[in-house]
file my_file.pdb (PDB, C-alpha atoms)
ATOM      1  CA  MET A   1      -3.976 -16.733  14.589  1.00  0.00           C
ATOM      2  CA  ALA A   2      -1.463 -14.655  16.523  1.00  0.00           C
ATOM      3  CA  ILE A   3       1.400 -15.933  14.355  1.00  0.00           C
ATOM      4  CA  ALA A   4      -0.545 -15.131  11.181  1.00  0.00           C
ATOM      5  CA  ALA A   5      -1.318 -11.646  12.495  1.00  0.00           C
ATOM      6  CA  CYS A   6       2.336 -10.975  13.295  1.00  0.00           C
ATOM      7  CA  PHE A   7       3.548 -12.384   9.978  1.00  0.00           C
ATOM      8  CA  GLY A   8       0.956 -10.427   7.978  1.00  0.00           C
ATOM      9  CA  THR A   9       1.843  -7.184   9.716  1.00  0.00           C
ATOM     10  CA  PHE A  10       5.541  -7.863   9.164  1.00  0.00           C
ATOM     11  CA  LEU A  11       4.986  -8.375   5.427  1.00  0.00           C
ATOM     12  CA  GLU A  12       2.902  -5.214   5.141  1.00  0.00           C
ATOM     13  CA  TRP A  13       5.492  -3.015   6.789  1.00  0.00           C
ATOM     14  CA  TYR A  14       8.326  -4.703   4.914  1.00  0.00           C
ATOM     15  CA  ASP A  15       6.581  -3.782   1.667  1.00  0.00           C
ATOM     16  CA  PHE A  16       6.171  -0.176   2.756  1.00  0.00           C
ATOM     17  CA  LEU A  17       9.777   0.099   3.907  1.00  0.00           C
ATOM     18  CA  THR A  18      10.958  -1.338   0.607  1.00  0.00           C
ATOM     19  CA  PHE A  19       8.859   1.152  -1.356  1.00  0.00           C
ATOM     20  CA  ALA A  20      10.206   4.092   0.660  1.00  0.00           C
ATOM     21  CA  SER A  21      13.784   2.833   0.316  1.00  0.00           C
ATOM     22  CA  LEU A  22      13.432   2.396  -3.432  1.00  0.00           C
ATOM     23  CA  ALA A  23      11.792   5.768  -4.085  1.00  0.00           C
ATOM     24  CA  VAL A  24      14.892   6.791  -6.023  1.00  0.00           C
ATOM     25  CA  VAL A  25      14.462   3.759  -8.304  1.00  0.00           C
ATOM     26  CA  PHE A  26      10.698   4.224  -8.744  1.00  0.00           C
ATOM     27  CA  ALA A  27      10.963   7.941  -9.530  1.00  0.00           C
ATOM     28  CA  PRO A  28      12.341   7.688 -13.086  1.00  0.00           C
ATOM     29  CA  LEU A  29      10.191   4.643 -13.844  1.00  0.00           C
ATOM     30  CA  PHE A  30       6.781   6.036 -12.916  1.00  0.00           C
ATOM     31  CA  PHE A  31       7.143   9.823 -13.048  1.00  0.00           C
ATOM     32  CA  PRO A  32       8.304  12.256 -15.753  1.00  0.00           C
ATOM     33  CA  VAL A  33      12.077  12.566 -15.657  1.00  0.00           C
ATOM     34  CA  SER A  34      12.257  16.098 -17.030  1.00  0.00           C
ATOM     35  CA  ASP A  35      13.167  17.174 -13.482  1.00  0.00           C
ATOM     36  CA  PRO A  36      14.719  14.316 -11.469  1.00  0.00           C
ATOM     37  CA  ASN A  37      14.209  16.075  -8.117  1.00  0.00           C
ATOM     38  CA  THR A  38      10.495  16.508  -8.769  1.00  0.00           C
ATOM     39  CA  ALA A  39      10.235  12.849  -9.744  1.00  0.00           C
ATOM     40  CA  ILE A  40      11.857  11.766  -6.462  1.00  0.00           C
ATOM     41  CA  LEU A  41       9.599  14.083  -4.453  1.00  0.00           C
ATOM     42  CA  ALA A  42       6.534  12.714  -6.255  1.00  0.00           C
ATOM     43  CA  SER A  43       7.665   9.177  -5.488  1.00  0.00           C
ATOM     44  CA  LEU A  44       8.087  10.021  -1.800  1.00  0.00           C
ATOM     45  CA  ALA A  45       4.745  11.848  -1.780  1.00  0.00           C
ATOM     46  CA  THR A  46       3.133   8.646  -3.023  1.00  0.00           C
ATOM     47  CA  PHE A  47       4.416   7.028   0.144  1.00  0.00           C
ATOM     48  CA  GLY A  48       3.475   9.946   2.390  1.00  0.00           C
ATOM     49  CA  VAL A  49      -0.100  10.380   1.187  1.00  0.00           C
ATOM     50  CA  GLY A  50      -0.807   6.778   2.065  1.00  0.00           C
ATOM     51  CA  MET A  51      -0.156   7.495   5.723  1.00  0.00           C
ATOM     52  CA  VAL A  52      -3.327   9.607   5.792  1.00  0.00           C
ATOM     53  CA  VAL A  53      -5.419   6.940   4.065  1.00  0.00           C
ATOM     54  CA  ARG A  54      -4.331   4.346   6.616  1.00  0.00           C
ATOM     55  CA  HIS A  55      -6.514   5.983   9.267  1.00  0.00           C
ATOM     56  CA  ILE A  56      -9.528   5.926   6.978  1.00  0.00           C
ATOM     57  CA  GLY A  57      -8.937   2.207   6.406  1.00  0.00           C
ATOM     58  CA  ALA A  58      -8.746   1.581  10.143  1.00  0.00           C
ATOM     59  CA  ALA A  59     -12.094   3.321  10.691  1.00  0.00           C
ATOM     60  CA  LEU A  60     -13.785   1.683   7.702  1.00  0.00           C
ATOM     61  CA  PHE A  61     -12.589  -1.866   8.288  1.00  0.00           C
ATOM     62  CA  GLY A  62     -12.850  -1.538  12.059  1.00  0.00           C
ATOM     63  CA  SER A  63     -16.538  -0.758  11.645  1.00  0.00           C
ATOM     64  CA  MET A  64     -16.923  -3.684   9.259  1.00  0.00           C
ATOM     65  CA  GLY A  65     -15.189  -5.911  11.816  1.00  0.00           C
ATOM     66  CA  ASP A  66     -17.744  -4.861  14.416  1.00  0.00           C
ATOM     67  CA  HIS A  67     -20.577  -5.930  12.133  1.00  0.00           C
ATOM     68  CA  ILE A  68     -19.365  -9.088  10.400  1.00  0.00           C
ATOM     69  CA  GLY A  69     -16.492 -10.203  12.622  1.00  0.00           C
ATOM     70  CA  ARG A  70     -12.830  -9.327  13.004  1.00  0.00           C
ATOM     71  CA  LYS A  71     -11.405 -12.518  11.532  1.00  0.00           C
ATOM     72  CA  PRO A  72     -13.166 -12.345   8.121  1.00  0.00           C
ATOM     73  CA  VAL A  73     -12.349  -8.650   7.764  1.00  0.00           C
ATOM     74  CA  PHE A  74      -8.728  -9.279   8.736  1.00  0.00           C
ATOM     75  CA  MET A  75      -8.404 -12.034   6.143  1.00  0.00           C
ATOM     76  CA  ILE A  76     -10.050  -9.865   3.469  1.00  0.00           C
ATOM     77  CA  THR A  77      -7.717  -6.942   4.147  1.00  0.00           C
ATOM     78  CA  ILE A  78      -4.633  -9.162   4.071  1.00  0.00           C
ATOM     79  CA  ALA A  79      -5.726 -10.688   0.752  1.00  0.00           C
ATOM     80  CA  LEU A  80      -6.522  -7.309  -0.800  1.00  0.00           C
ATOM     81  CA  MET A  81      -3.246  -5.928   0.471  1.00  0.00           C
ATOM     82  CA  GLY A  82      -1.394  -8.750  -1.295  1.00  0.00           C
ATOM     83  CA  ILE A  83      -3.342  -8.260  -4.521  1.00  0.00           C
ATOM     84  CA  THR A  84      -2.495  -4.568  -4.660  1.00  0.00           C
ATOM     85  CA  ALA A  85       1.181  -5.271  -3.885  1.00  0.00           C
ATOM     86  CA  VAL A  86       1.391  -7.773  -6.739  1.00  0.00           C
ATOM     87  CA  SER A  87      -0.458  -5.358  -9.033  1.00  0.00           C
ATOM     88  CA  VAL A  88       2.183  -2.684  -8.421  1.00  0.00           C
ATOM     89  CA  GLY A  89       4.767  -5.181  -9.665  1.00  0.00           C
ATOM     90  CA  PHE A  90       2.907  -5.535 -12.973  1.00  0.00           C
ATOM     91  CA  LEU A  91       2.530  -1.804 -13.659  1.00  0.00           C
ATOM     92  CA  LEU A  92       3.864  -0.402 -16.885  1.00  0.00           C
ATOM     93  CA  THR A  93       6.352   2.463 -16.727  1.00  0.00           C
ATOM     94  CA  TYR A  94       5.924   6.126 -17.630  1.00  0.00           C
ATOM     95  CA  SER A  95       7.752   5.609 -20.923  1.00  0.00           C
ATOM     96  CA  GLN A  96       5.251   2.880 -21.858  1.00  0.00           C
ATOM     97  CA  VAL A  97       1.880   4.376 -20.852  1.00  0.00           C
ATOM     98  CA  GLY A  98       2.627   7.991 -20.002  1.00  0.00           C
ATOM     99  CA  ILE A  99       0.554   9.724 -17.350  1.00  0.00           C
ATOM    100  CA  TRP A 100      -1.322   6.506 -16.534  1.00  0.00           C
ATOM    101  CA  ALA A 101       1.767   5.077 -14.807  1.00  0.00           C
ATOM    102  CA  PRO A 102       1.790   7.543 -11.886  1.00  0.00           C
ATOM    103  CA  ILE A 103      -2.011   7.567 -11.686  1.00  0.00           C
ATOM    104  CA  LEU A 104      -2.149   3.785 -11.380  1.00  0.00           C
ATOM    105  CA  LEU A 105       0.799   3.672  -8.980  1.00  0.00           C
ATOM    106  CA  VAL A 106      -0.725   6.249  -6.642  1.00  0.00           C
ATOM    107  CA  SER A 107      -4.145   4.572  -6.833  1.00  0.00           C
ATOM    108  CA  LEU A 108      -2.758   1.155  -5.981  1.00  0.00           C
ATOM    109  CA  ARG A 109      -0.606   2.506  -3.168  1.00  0.00           C
ATOM    110  CA  LEU A 110      -3.583   4.366  -1.687  1.00  0.00           C
ATOM    111  CA  LEU A 111      -5.651   1.192  -1.789  1.00  0.00           C
ATOM    112  CA  GLN A 112      -2.787  -0.703  -0.229  1.00  0.00           C
ATOM    113  CA  TRP A 113      -2.565   1.768   2.659  1.00  0.00           C
ATOM    114  CA  LEU A 114      -6.348   1.653   3.063  1.00  0.00           C
ATOM    115  CA  TYR A 115      -6.231  -2.127   3.437  1.00  0.00           C
ATOM    116  CA  ALA A 116      -3.182  -1.899   5.705  1.00  0.00           C
ATOM    117  CA  GLY A 117      -5.099   0.361   8.046  1.00  0.00           C
ATOM    118  CA  GLY A 118      -7.805  -2.265   8.335  1.00  0.00           C
ATOM    119  CA  ALA A 119      -5.350  -5.113   8.705  1.00  0.00           C
ATOM    120  CA  ILE A 120      -3.417  -3.425  11.493  1.00  0.00           C
ATOM    121  CA  GLY A 121      -6.579  -3.013  13.551  1.00  0.00           C
ATOM    122  CA  GLY A 122      -7.618  -6.584  12.844  1.00  0.00           C
ATOM    123  CA  SER A 123      -4.250  -8.003  13.794  1.00  0.00           C
ATOM    124  CA  ALA A 124      -4.141  -5.943  16.988  1.00  0.00           C
ATOM    125  CA  SER A 125      -7.534  -7.269  18.054  1.00  0.00           C
ATOM    126  CA  HIS A 126      -6.281 -10.843  17.626  1.00  0.00           C
ATOM    127  CA  LEU A 127      -3.147 -10.204  19.635  1.00  0.00           C
ATOM    128  CA  THR A 128      -4.914  -8.782  22.679  1.00  0.00           C
TER
END
call {"tool": "encode", "arguments": {"input": "my_file.pdb", "output": "structure tokens"}}
result
Amino acid sequence: MAIAACFGTFLEWYDFLTFASLAVVFAPLFFPVSDPNTAILASLATFGVGMVVRHIGAALFGSMGDHIGRKPVFMITIALMGITAVSVGFLLTYSQVGIWAPILLVSLRLLQWLYAGGAIGGSASHLT
């Protein structure tokens, strides 16, 4: 279980690092390119806003772990985290669906951070 917890946490943070590193690539794909600087800032804000949601996820899934068990909640959060990561890969671009592209991207990233907050707490409880 400890190896799974470490590997899951590694994959989560690798995904987040990749998203932050590729903000310049995501900006013209998912945000209006009328002002490139605004598009880059919006892409980075998508990353930054998720940091707040992570704490909500830790509280929500931590409470669930107290009631139904840490292991099932940890596995659920890891699975949901993977589903949202794959879903981001299938998103259509701004040129294809317009304003829905950034709305869906931000929604999926917020969900991903929510689940990451729960997974981090679950993995930490298995490592102690």
call {"tool": "closest_residue", "arguments": {"input": "my_file.pdb", "among": "A:Phe26, A:Phe31, A:Tyr115, A:Trp13", "to": "A:Val88", "atoms": "only C-alpha atoms"}}
result
A:Phe26
call {"tool": "closest_residue", "arguments": {"input": "my_file.pdb", "among": "A:Leu44, A:Val49, A:Ile99, A:Ala119", "to": "A:Ser21", "atoms": "only C-alpha atoms"}}
result
A:Leu44
call {"tool": "closest_residue", "arguments": {"input": "my_file.pdb", "among": "A:Ala101, A:Leu11, A:Leu114, A:Gly121", "to": "A:Gly65", "atoms": "all atoms listed in the file"}}
result
A:Gly121
call {"tool": "resolve_selection", "arguments": {"input": "my_file.pdb", "expression": "the PyMOL selection byres ((chain A and resi 57) around 9)", "output": "list of chain:residue names"}}
result
A:Val53, A:Arg54, A:His55, A:Ile56, A:Ala58, A:Ala59, A:Leu60, A:Phe61, A:Gly62, A:Leu111, A:Trp113, A:Leu114, A:Tyr115, A:Ala116, A:Gly117, A:Gly118, A:Ala119
call {"tool": "atom_distance", "arguments": {"input": "my_file.pdb", "atom1": "atom CA of A:Phe30", "atom2": "atom CA of A:Ser43"}}
result
8.1 Å
call {"tool": "atom_distance", "arguments": {"input": "my_file.pdb", "atom1": "atom CA of A:Met51", "atom2": "atom CA of A:Thr93"}}
result
23.9 Å
